[in-house]
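Asker: I'm passing along upload.txt; it holds compact mmCIF, C-alpha atoms.
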```txt
# COMPACT_ATOMS: atom_id res chain seq x y z
CA PHE A 1 -202.21 -0.67 -40.40
CA PRO A 2 -204.63 -3.43 -41.53
CA THR A 3 -202.64 -3.85 -44.75
CA ARG A 4 -199.37 -4.13 -42.84
CA ARG A 5 -200.87 -6.64 -40.43
CA SER A 6 -202.22 -8.69 -43.33
CA SER A 7 -198.77 -8.69 -44.94
CA ASP A 8 -197.16 -9.87 -41.69
CA LEU A 9 -199.67 -12.69 -41.33
CA GLN A 10 -199.12 -13.73 -44.93
CA ALA A 11 -195.34 -13.82 -44.45
CA LEU A 12 -195.78 -15.85 -41.26
CA ALA A 13 -198.09 -18.28 -43.04
CA VAL A 14 -195.53 -18.75 -45.80
CA THR A 15 -192.59 -19.37 -43.46
CA THR A 16 -194.34 -21.49 -40.81
CA PRO A 17 -194.07 -24.79 -42.76
CA ALA A 18 -190.38 -24.11 -43.45
CA PHE A 19 -189.73 -23.37 -39.78
CA ALA A 20 -191.58 -26.57 -38.84
CA CYS A 21 -189.48 -28.64 -41.26
CA ALA A 22 -186.29 -27.01 -39.95
CA GLY A 23 -187.32 -27.78 -36.38
CA ALA A 24 -187.99 -31.40 -37.34
CA ALA A 25 -184.52 -31.59 -38.91
CA PHE A 26 -182.88 -30.30 -35.72
CA VAL A 27 -184.89 -32.71 -33.57
CA PHE A 28 -183.76 -35.58 -35.80
CA ILE A 29 -180.16 -34.36 -35.48
CA LEU A 30 -180.54 -34.57 -31.70
CA PHE A 31 -181.78 -38.13 -32.10
CA LEU A 32 -178.75 -38.94 -34.26
CA TYR A 33 -176.45 -37.49 -31.61
CA THR A 34 -177.98 -39.75 -28.97
CA LYS A 35 -177.01 -42.69 -31.20
CA ILE A 36 -173.52 -41.31 -31.85
CA TRP A 37 -172.86 -40.78 -28.14
CA GLY A 38 -173.63 -44.46 -27.57
CA TYR A 39 -171.10 -45.75 -30.10
CA LYS A 40 -167.82 -47.08 -28.78
CA THR A 41 -164.52 -45.26 -29.12
CA GLY A 42 -160.99 -46.60 -29.29
CA LYS A 43 -160.68 -46.59 -25.51
CA ASP A 44 -163.82 -48.71 -25.18
CA ILE A 45 -162.40 -51.48 -27.36
CA GLY A 46 -158.95 -51.40 -25.81
CA GLU A 47 -157.21 -49.32 -28.52
CA PRO A 48 -156.72 -45.79 -27.15
CA LEU A 49 -154.35 -45.03 -30.04
CA ILE A 50 -157.42 -44.69 -32.27
CA ASP A 51 -158.65 -41.79 -30.12
CA GLU A 52 -155.23 -40.13 -30.10
CA LEU A 53 -154.98 -40.26 -33.88
CA SER A 54 -158.54 -38.98 -34.17
CA LEU A 55 -157.71 -35.96 -32.00
CA GLN A 56 -154.69 -35.19 -34.18
CA ILE A 57 -156.83 -35.40 -37.32
CA LYS A 58 -159.46 -33.15 -35.73
CA SER A 59 -156.80 -30.64 -34.71
CA GLY A 60 -155.50 -30.53 -38.29
CA ALA A 61 -159.03 -30.11 -39.64
CA ILE A 62 -159.69 -27.20 -37.27
CA SER A 63 -156.45 -25.52 -38.33
CA PHE A 64 -157.42 -25.97 -41.97
CA LEU A 65 -160.89 -24.48 -41.42
CA ILE A 66 -159.54 -21.50 -39.49
CA THR A 67 -157.07 -20.73 -42.29
CA GLU A 68 -159.71 -21.24 -45.00
CA TYR A 69 -162.31 -19.09 -43.23
CA SER A 70 -159.81 -16.30 -42.66
CA TYR A 71 -159.40 -15.99 -46.43
CA LEU A 72 -163.11 -16.45 -47.06
CA THR A 73 -163.90 -13.63 -44.63
CA VAL A 74 -162.00 -11.23 -46.85
CA PHE A 75 -163.72 -12.67 -49.93
CA VAL A 76 -167.20 -12.35 -48.40
CA ALA A 77 -166.57 -8.79 -47.22
CA GLY A 78 -165.27 -7.74 -50.64
CA LEU A 79 -168.09 -9.39 -52.57
CA ALA A 80 -170.70 -7.99 -50.19
CA ALA A 81 -169.32 -4.50 -50.80
CA THR A 82 -169.38 -5.14 -54.55
CA LEU A 83 -173.01 -6.29 -54.43
CA PHE A 84 -173.92 -3.24 -52.39
CA GLY A 85 -172.34 -0.95 -54.95
CA LEU A 86 -173.93 -2.71 -57.93
CA PHE A 87 -177.44 -2.74 -56.50
CA TYR A 88 -177.09 0.82 -55.22
CA MET A 89 -176.25 2.04 -58.72
CA THR A 90 -178.72 -0.10 -60.67
CA SER A 91 -181.82 -0.31 -58.45
CA GLU A 92 -184.60 2.01 -59.58
CA THR A 93 -186.58 1.99 -56.32
CA GLN A 94 -185.00 2.61 -52.92
CA PRO A 95 -181.42 1.80 -53.99
CA MET A 96 -179.94 2.18 -50.50
CA LEU A 97 -182.47 -0.16 -48.88
CA THR A 98 -182.26 -2.73 -51.66
CA ALA A 99 -178.46 -2.74 -51.72
CA THR A 100 -178.32 -3.12 -47.94
CA ALA A 101 -180.85 -5.97 -47.94
CA VAL A 102 -179.00 -7.89 -50.68
CA SER A 103 -175.55 -7.51 -49.11
CA VAL A 104 -176.76 -8.39 -45.60
CA SER A 105 -178.63 -11.42 -46.96
CA PHE A 106 -175.46 -12.47 -48.77
CA ILE A 107 -173.40 -12.25 -45.57
CA PHE A 108 -176.09 -14.12 -43.61
CA GLY A 109 -176.17 -16.95 -46.15
CA ALA A 110 -172.39 -17.19 -46.23
CA SER A 111 -172.24 -17.30 -42.42
CA LEU A 112 -174.77 -20.11 -42.17
CA SER A 113 -172.97 -22.07 -44.90
CA ALA A 114 -169.66 -21.68 -43.08
CA GLY A 115 -171.30 -22.75 -39.83
CA ALA A 116 -172.73 -25.86 -41.48
CA GLY A 117 -169.28 -26.68 -42.85
CA TRP A 118 -167.67 -26.35 -39.41
CA TRP A 119 -170.44 -28.46 -37.85
CA GLY A 120 -170.02 -31.16 -40.47
CA MET A 121 -166.24 -31.26 -40.08
CA MET A 122 -166.50 -31.67 -36.31
CA VAL A 123 -169.00 -34.52 -36.43
CA ALA A 124 -167.10 -36.19 -39.28
CA THR A 125 -163.78 -36.20 -37.44
CA ASP A 126 -165.46 -37.47 -34.28
CA GLY A 127 -167.17 -40.17 -36.31
CA ASN A 128 -163.88 -41.40 -37.77
CA ALA A 129 -162.74 -42.96 -34.49
CA LYS A 130 -166.16 -44.46 -33.78
CA THR A 131 -166.38 -45.93 -37.27
CA THR A 132 -162.93 -47.50 -36.90
CA ALA A 133 -163.88 -48.89 -33.50
CA ALA A 134 -167.09 -50.35 -34.92
CA ALA A 135 -165.16 -52.03 -37.75
CA ALA A 136 -162.45 -53.40 -35.45
CA GLY A 137 -164.66 -54.63 -32.63
CA GLU A 138 -163.38 -55.35 -29.15
CA MET A 139 -159.73 -56.32 -28.95
CA TYR A 140 -158.49 -59.41 -27.14
CA ASP A 141 -158.62 -59.04 -23.37
CA GLU A 142 -157.66 -61.85 -20.99
CA LYS A 143 -160.04 -60.48 -18.35
CA LYS A 144 -163.05 -60.90 -20.64
CA PRO A 145 -164.41 -64.25 -21.75
CA LYS A 146 -164.29 -64.86 -25.46
CA ALA A 147 -168.08 -65.06 -25.73
CA SER A 148 -168.52 -61.52 -24.35
CA ARG A 149 -166.25 -59.88 -26.94
CA LYS A 150 -168.22 -58.49 -29.87
CA PRO A 151 -166.39 -58.69 -33.21
CA GLY A 152 -166.52 -55.77 -35.57
CA SER A 153 -168.19 -55.85 -38.95
CA LEU A 154 -168.56 -53.82 -42.12
CA ASN A 155 -172.27 -53.36 -41.37
CA ASP A 156 -171.55 -51.85 -37.94
CA ALA A 157 -168.98 -49.47 -39.39
CA LEU A 158 -171.34 -48.43 -42.19
CA SER A 159 -174.09 -47.77 -39.68
CA VAL A 160 -171.86 -45.45 -37.66
CA ALA A 161 -170.57 -43.67 -40.76
CA PHE A 162 -174.08 -43.22 -42.16
CA THR A 163 -175.33 -41.81 -38.85
CA THR A 164 -172.54 -39.26 -38.52
CA GLY A 165 -172.89 -38.28 -42.18
CA ALA A 166 -176.63 -37.79 -41.76
CA VAL A 167 -175.97 -35.11 -39.15
CA MET A 168 -174.25 -32.96 -41.76
CA GLY A 169 -177.02 -33.52 -44.30
CA PHE A 170 -179.84 -32.59 -41.97
CA ALA A 171 -177.83 -29.69 -40.57
CA VAL A 172 -177.60 -28.18 -44.05
CA VAL A 173 -181.33 -28.66 -44.57
CA GLY A 174 -182.28 -27.23 -41.18
CA MET A 175 -179.96 -24.23 -41.35
CA GLY A 176 -180.89 -23.51 -44.97
CA LEU A 177 -184.63 -23.54 -44.28
CA THR A 178 -184.19 -21.48 -41.15
CA GLY A 179 -182.00 -18.91 -42.88
CA VAL A 180 -184.16 -18.37 -45.94
CA SER A 181 -187.31 -18.25 -43.80
CA VAL A 182 -185.81 -15.66 -41.46
CA CYS A 183 -184.71 -13.54 -44.42
CA TYR A 184 -188.13 -13.69 -46.03
CA LEU A 185 -189.92 -12.97 -42.76
CA VAL A 186 -187.70 -10.01 -41.91
CA LEU A 187 -187.87 -8.49 -45.39
CA SER A 188 -191.62 -8.96 -45.68
CA SER A 189 -192.42 -7.74 -42.18
CA THR A 190 -190.00 -4.87 -41.60
CA VAL A 191 -189.66 -3.41 -45.10
CA SER A 192 -193.22 -2.42 -45.98
CA THR A 193 -192.24 -0.93 -49.35
CA PHE A 194 -190.80 -4.21 -50.69
CA ASN A 195 -193.02 -6.12 -53.10
CA ASN A 196 -192.71 -9.87 -53.69
CA ALA A 197 -190.36 -9.46 -56.66
CA LEU A 198 -187.98 -7.26 -54.71
CA THR A 199 -188.09 -9.61 -51.72
CA MET A 200 -187.21 -12.57 -53.95
CA GLN A 201 -184.34 -10.55 -55.43
CA CYS A 202 -182.93 -9.97 -51.96
CA LEU A 203 -183.37 -13.66 -51.11
CA ALA A 204 -181.17 -14.47 -54.10
CA GLY A 205 -178.38 -12.77 -52.17
CA PHE A 206 -178.85 -15.30 -49.37
CA GLY A 207 -178.58 -18.21 -51.78
CA PHE A 208 -175.58 -16.66 -53.50
CA GLY A 209 -173.76 -16.31 -50.18
CA ALA A 210 -174.47 -19.89 -49.13
CA SER A 211 -173.50 -21.30 -52.53
CA SER A 212 -170.27 -19.33 -52.78
CA ILE A 213 -169.00 -20.63 -49.44
CA ALA A 214 -170.07 -24.17 -50.32
CA LEU A 215 -168.17 -23.91 -53.61
CA PHE A 216 -164.94 -22.79 -51.94
CA ALA A 217 -165.34 -25.38 -49.19
CA ARG A 218 -165.73 -28.13 -51.79
CA VAL A 219 -162.66 -27.08 -53.76
CA ALA A 220 -160.46 -26.33 -50.75
CA GLY A 221 -161.63 -29.46 -48.93
CA GLY A 222 -160.74 -31.57 -51.96
CA ILE A 223 -157.26 -30.07 -52.05
CA TYR A 224 -156.87 -30.67 -48.30
CA THR A 225 -157.95 -34.31 -48.46
CA LYS A 226 -155.83 -34.97 -51.56
CA ALA A 227 -152.80 -33.52 -49.76
CA ALA A 228 -153.57 -35.82 -46.82
CA ASP A 229 -153.79 -38.80 -49.17
CA VAL A 230 -150.45 -37.95 -50.75
CA GLY A 231 -148.87 -37.52 -47.31
CA ALA A 232 -150.22 -40.89 -46.18
CA ASP A 233 -148.86 -42.54 -49.34
CA LEU A 234 -145.42 -41.04 -48.75
CA VAL A 235 -145.39 -42.17 -45.13
CA GLY A 236 -146.58 -45.64 -46.11
```
In structure tokens, write the structure found in this file.

Answerer:
Amino acid sequence: FPTRRSSDLQALAVTTPAFACAGAAFVFILFLYTKIWGYKTGKDIGEPLIDELSLQIKSGAISFLITEYSYLTVFVAGLAATLFGLFYMTSETQPMLTATAVSVSFIFGASLSAGAGWWGMMVATDGNAKTTAAAAGEMYDEKKPKASRKPGSLNDALSVAFTTGAVMGFAVVGMGLTGVSVCYLVLSSTVSTFNNALTMQCLAGFGFGASSIALFARVAGGIYTKAADVGADLVG
């Protein structure tokens, strides 16, 4: 019992700084959202068409993600089963437990990576309209005096775009730190027979899952945006 308790305390000491950094990232994301909520939309500057187009773009992005994730679900399930089989056949100590830990860590990492991708897409599509509104500034309105209308600028648009993009960056950091810390804490605390080398091996499954989803998201997202560019060129 004392050895187990010492191991739990050691795992908690290792993961506490990571949890603290992840918490700080999420707090900063909340701060960024308070700034984003204060930015003007198309309706605020007298151009509601900007908001309508933004909703259409967001709807298309959601449809794309749903289709992409439906295929990736099959990929993740198949690769998780493959990892389970490989580690079950090759592990010398506790093959069932090791194979289960690696495959579950892989699925957990893939899920967090997919969640970060969805989060980033939502904030990016919402930020498109606000960035356009910041660049355009307030439109001409006879009811408002000329001095009260704020013109748009490149600096204002860049500030909005940088803020919305920072949400995705810090979301990846926060979710990554949280995920790897949870995996390490669970494996170190609940599986008493795992040594550090075996725990690190299982954590590699978490990183593999997150990286595989990020790779597919990068490739598929590039194809999606290139198709959108071609469509816009044809329309233009």

Asker: Distance atom CA of A:Ile66-atom CA of A:Ser211, one decimal place?

Answerer: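 Straight-line distance from atom CA of A:Ile66 to atom CA of A:Ser211 works out to 19.1 Å.
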
Asker: Considering all atoms listed in the file, can you say which of A:Phe19, A:Phe28, A:Phe108, A:Trp119 comes closest to A:Leu185?

Answerer: A:Phe19

Asker: So the first atom is atom CA of A:Leu12 and the second is atom CA of A:Phe206; what is the distance between them in Å, to one decimal place?

Answerer: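 Separation of atom CA of A:Leu12 and atom CA of A:Phe206: 18.8 Å.
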
Asker: Given 6 Å of margin on each side, can you work out the centre and size in Å (one decimal) of an axis-aligned box holding every listed atom of stretch 214-221 of chain A, as AutoDock Vina command-line options?

Answerer:
```
--center_x -165.3 --center_y -26.1 --center_z -51.3 --size_x 21.6 --size_y 18.7 --size_z 16.8
```

Asker: Need to verify the contact set: A:Met200, 12 Å, all atoms listed in the file, exclusion of same-chain residues closer than 6 positions in sequence. Can you return it as a count of residues only?

Answerer: 14

Asker: Do you know which residues are at most 10 Å from A:Ser111 counting all atoms listed in the file, after dropping those on the same chain fewer than 2 positions away, and could you put them as a PDB file with C-alpha atoms, keeping the file's coordinate frame?

Answerer:
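Final output, selection_18.pdb:
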```pdb
ATOM      1  CA  THR A  73    -163.900 -13.630 -44.630  1.00  0.00           C
ATOM      2  CA  VAL A  76    -167.200 -12.350 -48.400  1.00  0.00           C
ATOM      3  CA  SER A 105    -178.630 -11.420 -46.960  1.00  0.00           C
ATOM      4  CA  PHE A 106    -175.460 -12.470 -48.770  1.00  0.00           C
ATOM      5  CA  ILE A 107    -173.400 -12.250 -45.570  1.00  0.00           C
ATOM      6  CA  PHE A 108    -176.090 -14.120 -43.610  1.00  0.00           C
ATOM      7  CA  GLY A 109    -176.170 -16.950 -46.150  1.00  0.00           C
ATOM      8  CA  SER A 113    -172.970 -22.070 -44.900  1.00  0.00           C
ATOM      9  CA  ALA A 114    -169.660 -21.680 -43.080  1.00  0.00           C
ATOM     10  CA  GLY A 115    -171.300 -22.750 -39.830  1.00  0.00           C
ATOM     11  CA  ALA A 116    -172.730 -25.860 -41.480  1.00  0.00           C
ATOM     12  CA  GLY A 117    -169.280 -26.680 -42.850  1.00  0.00           C
ATOM     13  CA  GLY A 179    -182.000 -18.910 -42.880  1.00  0.00           C
ATOM     14  CA  PHE A 206    -178.850 -15.300 -49.370  1.00  0.00           C
ATOM     15  CA  GLY A 209    -173.760 -16.310 -50.180  1.00  0.00           C
ATOM     16  CA  ALA A 210    -174.470 -19.890 -49.130  1.00  0.00           C
ATOM     17  CA  ILE A 213    -169.000 -20.630 -49.440  1.00  0.00           C
TER      18      ILE A 213
END
```

Asker: Just the residues within 7 Å of A:Thr132, please, counting all atoms listed in the file, with nothing from its chain fewer than 4 positions along; format it as an MDAnalysis selection string.

Answerer: chainID A and resid 128 136 157

Asker: Give me the residues near stretch 122-127 of chain A as a list in words, where near means some atom within 9 Å (using all atoms listed in the file) and where sequence neighbours in that chain fewer than 2 positions away do not count.

Answerer: Ile36, Ser54, Leu55, Ile57, Lys58, Ala61, Ile62, Gly117, Trp118, Trp119, Gly120, Ala129, Lys130, Thr131, Thr132, Val160, Ala161, Thr163, Thr164, Gly165, Val167 and Met168 of chain A

Asker: Can you work out the spacing between atom CA of A:Leu177 and atom CA of A:Ser70 in Å, to one decimal?

Answerer: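 Atom-to-atom, atom CA of A:Leu177 to atom CA of A:Ser70, that is 25.9 Å.
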